[in-house]
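Trainee: Questions regarding the structure given below will be posed in turn.
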Amino acid sequence: MTRRIALTLLFLALGCRAPERLQAGPQGSDSDRRHDSPAAPAAEDTRSPSELYGELFIEVQTRQLFPDSKTFVDAIARRSPADIMDRYQVERSHKSFDLRRFVQEEFELPQRPESDFQTAVGTPLRDHIRSLWPILTRAPDTQRGFSSRLPLPFSYVVPGGRFDELYYWDSYFTMLGLEADGRHGEVRSLCKNFMHLVERYGRIPNGNRTYYLSRSQPPFLFAMMELIAKRDGHRVWDEFLPVLEREHAFWMAGAENVPAGSAEGRVVRLVSGELLNRYWDDRDTPRDESYREDVETARKSGRLASEVYRNLRAAAESGWDFSSRWFGPSGDLASIVTVERVPVDLNALLYGAELTLARRFAGIDPDKAKRFMRLAQARKAAVQRHLYDEELGAFTDYDWKKNQKTPLLTAATVVPLFVGLADPQEADRVAETIERRLLAPHGLLTTLKTTGEQWDAPNGWAPLVWMATQGLRRYGFMPLAEELEGRFLALSRKKYLDSGKLVEKYDVVSEMGSGGGGEYPLQDGFGWTNGVIAALLELRGGAESAPLPPR
């Protein structure tokens with residue numbers, strides 16, 4: 001049996017599509033109906049590495065040529081993929097064929113310039129953050145060779161570490177710090193890049209990579225635009241509103257024809273008739289950047305592989321990849337059922353977008369203003385009816401297939417407060433629950449479960465701290481907000497003193513400090529941590545002035 005046939009049989013046995021079928025179009029519903037993605041200009045090749053390199057891609061990823069599966073998909077081909085594959089097909093059967101050497105000859109592997117960056121000993125934390133912005137900033141892209149990177153017309157800030165591209169929801173929290181540090185031009189550039197992505201692809205992808213085009217991330221575009229409008233005034237809405245409206249249409253695609261008790265793409269109509277949203281991905285294949293991991297998860301699950309892949313991808317769209325929020329009864333990753341959940345954070349953010357559209361269209365287009373206000377009010381009522389749990393004292397997710405709330409308490413309960421969706425009585429209960437159950441010695445617990453996944457205990461995350469503290473402040477719970485801010489700032493400052501770095505996530509329970517779990521090692525940099533710390537320090541009285549003691 002030839003290696004080609006053996007690989008193809010293995011591929012199919014694992015529940016994956018054969019290489020020549022990897023270019024199948026996006027899929028939009030649980031019944032596997034297909035919908036075309038917004039088409040990019042013909043001159044741009046948006047095929048992902050798995051589509052371009054087929055069997056070569058599979059061999060590189062399954063043989064674990066690199067410890068991180070993201071390495072190969074971020075590599076830049078030195079010549080056309082067709083030429084590389086021609087050479088691969090000729091040489092692969094030779095006894096002397098060396099896959100690693102072949103890849104090194106044909107691809108330029110990614111470099112991570114910020115990973116080794118450290119400021120001088122004794123540099124104040126705020127100054128350290130200021131020094132990181134240029135390190136994490138990337139120049140406007142042109143299409144460089146054969147790369148998975150989607151070109152962007154303006155400069156942008158990356159999270160850091162293995163994440164060397166623009167990410168959607170990360171960028172809002174990064175923008176907070178850029179604003180606090182007086183870098184308003186960079187904030188506008190980031191937002192204009194997102195506008196470009198909506199105009200070009202009809203959505204904001206997870207990140208500016210071809211392999212991210214089939215999904216988005218939590219929709220913070222409205223909050224980004226509000227942030228810019230605070231500095232530039234209402235005139236910015238002439239430019240921003242059409243793009244925000246188009247992004248909203250992406251999330252609501254198919255809403256007109258969804259029967260009660262079913263779902264289509266990112267839209268769910270409950271049995272009772274209310275329209276809400278879920279996370280989704282247009283593809284049901286292993287993620288390019290986590291191919292080996294996804295194939296192994298599907299193998300362990302005993303489920304239809306494409307179903308597992310879709311749910312893994314949908315969790316990646318949520319930003320909470322991965323968490324017990326998305327697990328089925330067995331409580332592990334192989335049981336993942338993301339697409340069966342109506343998430344409270346997503347629907348709260350879409351309420352924020354609809355309210356922003358309603359308010360900003362007032363005086364410009366009254367009919368649109370009324371339409372979006374009706375949508376916002378209907379969503380708020382549905383969230384309060386179905387996603388607020390009085391017994392739990394929190395907002396939670398909803399299992400739309402079982403017609404019941406999920407009983408898991410998570411930090412996502414803060415998002416309705418962040419956008420102003422909660423009534424005062426609900427906010428009061430949520431604040432009580434946060435103080436009693438989610439407030440940890442060093443920050444905010446993500447969930448109460450310890451599963452080994454990075455979006456579970458004992459980890460805490462800067463973006464959740466920001467949304468929690470701003471939501472609490474919004475409803476007048478100042479002492480609790482300040483207590484949470486203080487605990488998180490003290491932890492991140494201590495870890496900075498110990499290591500000279502700020503990291504992606506933190507252990508908010510123990511004295512260890514650095515978070516763990518998930519598919520990859522702890523990353524430093526780190527865009528949204530920098531942004532939230534800078535914004536919180538500014539909110540609490542300005543930059544640090546005294547030097548820190550030596551590390």
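By order in the structure tokens, chains are A, B, ...; within a chain, residues start at 1; ligands start at 1, following the order shown.
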Skipping near chain neighbours, those fewer than 3 positions away, what residues fall within 12 Å of Gln64 in chain A using only C-alpha atoms, listed as a ChimeraX atom specification?

Mentor: /A:57-61,67-72,99-100,290-293

Trainee: Any chance you can output those residues with N, CA and C atoms as a short mmCIF file (atom, residue, chain, number, x, y, z; two decimals), in the first residue's frame?

Mentor:
data_model
loop_
_atom_site.label_atom_id
_atom_site.label_comp_id
_atom_site.auth_asym_id
_atom_site.auth_seq_id
_atom_site.Cartn_x
_atom_site.Cartn_y
_atom_site.Cartn_z
N PHE A 57 0.42 18.74 4.61
CA PHE A 57 -0.10 19.34 5.85
C PHE A 57 -0.41 18.25 6.88
N ILE A 58 -1.11 17.22 6.47
CA ILE A 58 -1.48 16.14 7.39
C ILE A 58 -0.25 15.48 7.96
N GLU A 59 0.73 15.22 7.12
CA GLU A 59 1.94 14.53 7.58
C GLU A 59 2.72 15.40 8.58
N VAL A 60 2.85 16.67 8.28
CA VAL A 60 3.57 17.58 9.19
C VAL A 60 2.88 17.64 10.55
N GLN A 61 1.56 17.76 10.53
CA GLN A 61 0.83 17.93 11.79
C GLN A 61 0.70 16.63 12.57
N PRO A 67 6.47 21.26 18.04
CA PRO A 67 5.70 21.09 19.28
C PRO A 67 4.37 21.83 19.25
N ASP A 68 4.33 22.99 18.59
CA ASP A 68 3.11 23.80 18.50
C ASP A 68 2.52 23.63 17.10
N SER A 69 1.28 23.16 17.02
CA SER A 69 0.65 22.95 15.72
C SER A 69 0.48 24.23 14.93
N LYS A 70 0.54 25.39 15.61
CA LYS A 70 0.37 26.67 14.93
C LYS A 70 1.61 27.06 14.11
N THR A 71 2.75 26.45 14.41
CA THR A 71 4.00 26.84 13.74
C THR A 71 3.90 26.69 12.23
N PHE A 72 3.48 25.52 11.78
CA PHE A 72 3.48 25.27 10.34
C PHE A 72 2.47 26.14 9.61
N LEU A 99 11.43 14.80 6.02
CA LEU A 99 10.31 15.75 6.05
C LEU A 99 10.72 17.07 6.69
N ARG A 100 11.43 17.02 7.79
CA ARG A 100 11.82 18.25 8.48
C ARG A 100 12.69 19.12 7.58
N SER A 290 -4.70 23.64 15.21
CA SER A 290 -4.74 22.64 16.29
C SER A 290 -5.15 21.29 15.71
N TYR A 291 -4.63 20.98 14.54
CA TYR A 291 -5.10 19.82 13.79
C TYR A 291 -4.93 18.52 14.58
N ARG A 292 -3.72 18.28 15.04
CA ARG A 292 -3.44 17.02 15.73
C ARG A 292 -4.30 16.90 16.98
N GLU A 293 -4.42 17.99 17.74
CA GLU A 293 -5.20 17.98 18.97
C GLU A 293 -6.67 17.69 18.70
#

Trainee: Would you tabulate, counting only C-alpha atoms, all residues of range 483-529 of chain A that have an atom at most 6 Å from an atom of range 436-451 of chain A, showing the closest pair of atoms and their distance in Å to one decimal, sorted by chain then ascending number, as a tab-separated table?

Mentor:
residue	atom	partner	partner_atom	distance
A:Leu484	CA	A:Gly443	CA	5.8
A:Arg487	CA	A:His442	CA	4.8
A:Phe488	CA	A:Gly443	CA	4.7
A:Leu491	CA	A:His442	CA	5.9
A:Val508	CA	A:His442	CA	4.4
A:Val509	CA	A:Pro441	CA	5.7

Trainee: Write the selection just made, keeping N, CA and C atoms, as a compact mmCIF listing (two decimals), in the first residue's frame?

Mentor:
# COMPACT_ATOMS: atom_id res chain seq x y z
N LEU A 484 -11.80 44.03 43.64
CA LEU A 484 -11.40 43.13 42.55
C LEU A 484 -10.24 43.71 41.77
N ARG A 487 -6.99 43.45 43.84
CA ARG A 487 -6.43 42.09 43.92
C ARG A 487 -5.73 41.69 42.62
N PHE A 488 -6.37 42.00 41.49
CA PHE A 488 -5.77 41.62 40.21
C PHE A 488 -4.50 42.43 39.94
N LEU A 491 -1.61 41.08 42.04
CA LEU A 491 -1.08 39.82 41.51
C LEU A 491 -0.21 40.07 40.28
N VAL A 508 -5.44 32.76 39.95
CA VAL A 508 -5.90 33.76 40.91
C VAL A 508 -6.21 33.16 42.28
N VAL A 509 -5.89 31.88 42.45
CA VAL A 509 -6.18 31.20 43.71
C VAL A 509 -4.92 31.04 44.56

Trainee: Using only C-alpha atoms, find the one residue out of A:Gly527, A:Pro463, A:Pro416, A:Gly517 that sits nearest to Phe322 in chain A.

Mentor: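 Of all the options, A:Gly517 lies closest to Phe322 in chain A.
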
Trainee: I need the residue nearest Asn193 in chain A from this list: A:Ser155, A:Ser262, A:Ser214, A:Ser272. Use only C-alpha atoms for the distance.

Mentor: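 With only C-alpha atoms as the atom set, the closest residue is A:Ser155.
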
Trainee: Determine, counting only C-alpha atoms, which protein, DNA and RNA residues have an atom within 12 Å of an atom of Arg246 in chain A; residues of the same chain fewer than 5 positions away are not included. Present the result as a list in words.

Mentor: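 Once the nearby chain positions are removed, what remains is Pro38, Phe194, Met195, His196, Leu197, Val198, Glu199, Arg200, Tyr201, Gly202, Arg203, Ile204, Leu221, Phe222, Phe240, Leu241, Trp251, Met252, Ala253, Ala353, Glu354 and Leu357 of chain A.
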
Trainee: At what distance in Å, to one decimal, does CA of Thr410 in chain A lie from CA of Ile434 in chain A?

Mentor: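 Straight-line distance from CA of Ile434 in chain A to CA of Thr410 in chain A works out to 9.5 Å.
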
Trainee: Find the distance between CA of Arg360 in chain A and CA of Glu317 in chain A and write it in Å to one decimal.

Mentor: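 It comes out at 27.3 Å.
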
Trainee: Arg126 in chain A: which residues within 12 Å, counting only C-alpha atoms, same-chain residues fewer than 2 positions away excluded, as a ChimeraX atom specification?

Mentor: /A:119,122-124,128-133,177-178,180-181,489,492-493,496,501-502,529-538,542-548

Trainee: Which residues are close to Glu340 in chain A, i.e. within 8 Å by only C-alpha atoms, leaving aside same-chain residues fewer than 3 positions away? Reply as a PyMOL selection string.

Mentor: chain A and resi 278+337+399-401

Trainee: Quick one: write out the picked residues with N, CA and C atoms as a compact mmCIF listing (two decimals), in the first residue's frame?

Mentor:
# COMPACT_ATOMS: atom_id res chain seq x y z
N ARG A 278 -25.92 32.00 19.04
CA ARG A 278 -24.94 31.05 19.57
C ARG A 278 -23.62 31.24 18.82
N VAL A 337 -20.23 20.52 23.44
CA VAL A 337 -21.51 20.76 22.77
C VAL A 337 -21.77 22.26 22.64
N ASP A 399 -29.36 25.87 27.36
CA ASP A 399 -29.34 24.72 26.46
C ASP A 399 -30.62 24.76 25.62
N TRP A 400 -30.48 25.19 24.35
CA TRP A 400 -31.68 25.40 23.54
C TRP A 400 -32.30 24.09 23.07
N LYS A 401 -31.53 23.02 23.06
CA LYS A 401 -32.10 21.73 22.67
C LYS A 401 -32.91 21.11 23.81

Trainee: Would you mind writing down, as a ChimeraX atom specification, each residue of range 225-466 of chain A that DSSP on the backbone assigns to strand (DSSP E)?

Mentor: /A:262-264,267-269,275-277,341-342,388-389,394-395,398-399,404-405,439-440,443-444,459-460

Trainee: So which residues of range 86-230 of chain A fall under alpha helix (DSSP H) by DSSP, listed as an NGL selection string?

Mentor: :A and (86-91 or 99-106 or 125-136 or 168-180 or 184-201 or 221-230)

Trainee: Go ahead and write the residues just picked, C-alpha atoms, as a short mmCIF file (atom, residue, chain, number, x, y, z; two decimals), in the first residue's frame.

Mentor:
data_model
loop_
_atom_site.label_atom_id
_atom_site.label_comp_id
_atom_site.auth_asym_id
_atom_site.auth_seq_id
_atom_site.Cartn_x
_atom_site.Cartn_y
_atom_site.Cartn_z
CA ASP A 86 4.92 18.85 -7.02
CA ARG A 87 8.30 18.43 -5.37
CA TYR A 88 6.72 16.72 -2.36
CA GLN A 89 4.94 14.13 -4.52
CA VAL A 90 8.19 13.32 -6.34
CA GLU A 91 10.50 13.13 -3.32
CA LEU A 99 10.31 15.75 6.05
CA ARG A 100 11.82 18.25 8.48
CA ARG A 101 14.54 19.26 6.05
CA PHE A 102 11.98 19.53 3.25
CA VAL A 103 9.80 21.89 5.30
CA GLN A 104 12.76 24.00 6.36
CA GLU A 105 13.86 24.35 2.73
CA GLU A 106 10.43 25.24 1.43
CA LEU A 125 5.07 48.42 35.57
CA ARG A 126 3.33 51.18 33.62
CA ASP A 127 6.57 52.08 31.84
CA HIS A 128 7.11 48.42 31.01
CA ILE A 129 3.71 48.37 29.32
CA ARG A 130 4.53 51.54 27.36
CA SER A 131 7.77 49.96 26.16
CA LEU A 132 5.88 46.87 24.94
CA TRP A 133 3.52 48.68 22.55
CA PRO A 134 6.17 49.15 19.81
CA ILE A 135 7.34 45.54 20.28
CA LEU A 136 3.81 44.23 19.74
CA TYR A 168 -10.81 40.41 17.31
CA TRP A 169 -11.91 40.54 20.95
CA ASP A 170 -8.35 40.79 22.29
CA SER A 171 -8.00 44.09 20.48
CA TYR A 172 -10.75 45.90 22.40
CA PHE A 173 -8.94 45.34 25.69
CA THR A 174 -5.63 46.26 24.07
CA MET A 175 -7.25 49.50 22.85
CA LEU A 176 -8.11 50.43 26.44
CA GLY A 177 -4.44 50.50 27.32
CA LEU A 178 -3.44 52.29 24.14
CA GLU A 179 -5.96 55.02 24.96
CA ALA A 180 -4.71 55.24 28.54
CA HIS A 184 -5.17 57.20 20.06
CA GLY A 185 -3.81 56.92 16.52
CA GLU A 186 -3.11 53.22 17.05
CA VAL A 187 -6.63 52.75 18.39
CA ARG A 188 -8.09 54.28 15.23
CA SER A 189 -5.81 52.14 13.08
CA LEU A 190 -6.98 48.98 14.82
CA CYS A 191 -10.62 49.93 14.33
CA LYS A 192 -10.06 50.81 10.67
CA ASN A 193 -8.50 47.38 10.14
CA PHE A 194 -11.65 45.79 11.53
CA MET A 195 -13.75 47.97 9.23
CA HIS A 196 -11.59 46.77 6.33
CA LEU A 197 -12.17 43.13 7.31
CA VAL A 198 -15.95 43.57 7.45
CA GLU A 199 -15.97 45.35 4.10
CA ARG A 200 -13.75 42.70 2.48
CA TYR A 201 -15.02 39.47 4.01
CA LEU A 221 -16.85 46.27 17.42
CA PHE A 222 -19.55 48.52 18.90
CA ALA A 223 -17.47 49.04 22.06
CA MET A 224 -14.38 49.85 20.00
CA MET A 225 -16.32 52.46 18.06
CA GLU A 226 -17.76 53.98 21.23
CA LEU A 227 -14.22 54.20 22.61
CA ILE A 228 -13.07 56.16 19.56
CA ALA A 229 -16.16 58.39 19.60
CA LYS A 230 -15.30 59.52 23.15
#

Trainee: With distances taken over only C-alpha atoms, which of A:Leu408, A:Val295, A:Leu392, A:Val415 is nearest to Val344 in chain A?

Mentor: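 Comparing A:Leu408, A:Val295, A:Leu392, A:Val415 against Val344 in chain A, the winner is A:Val415.
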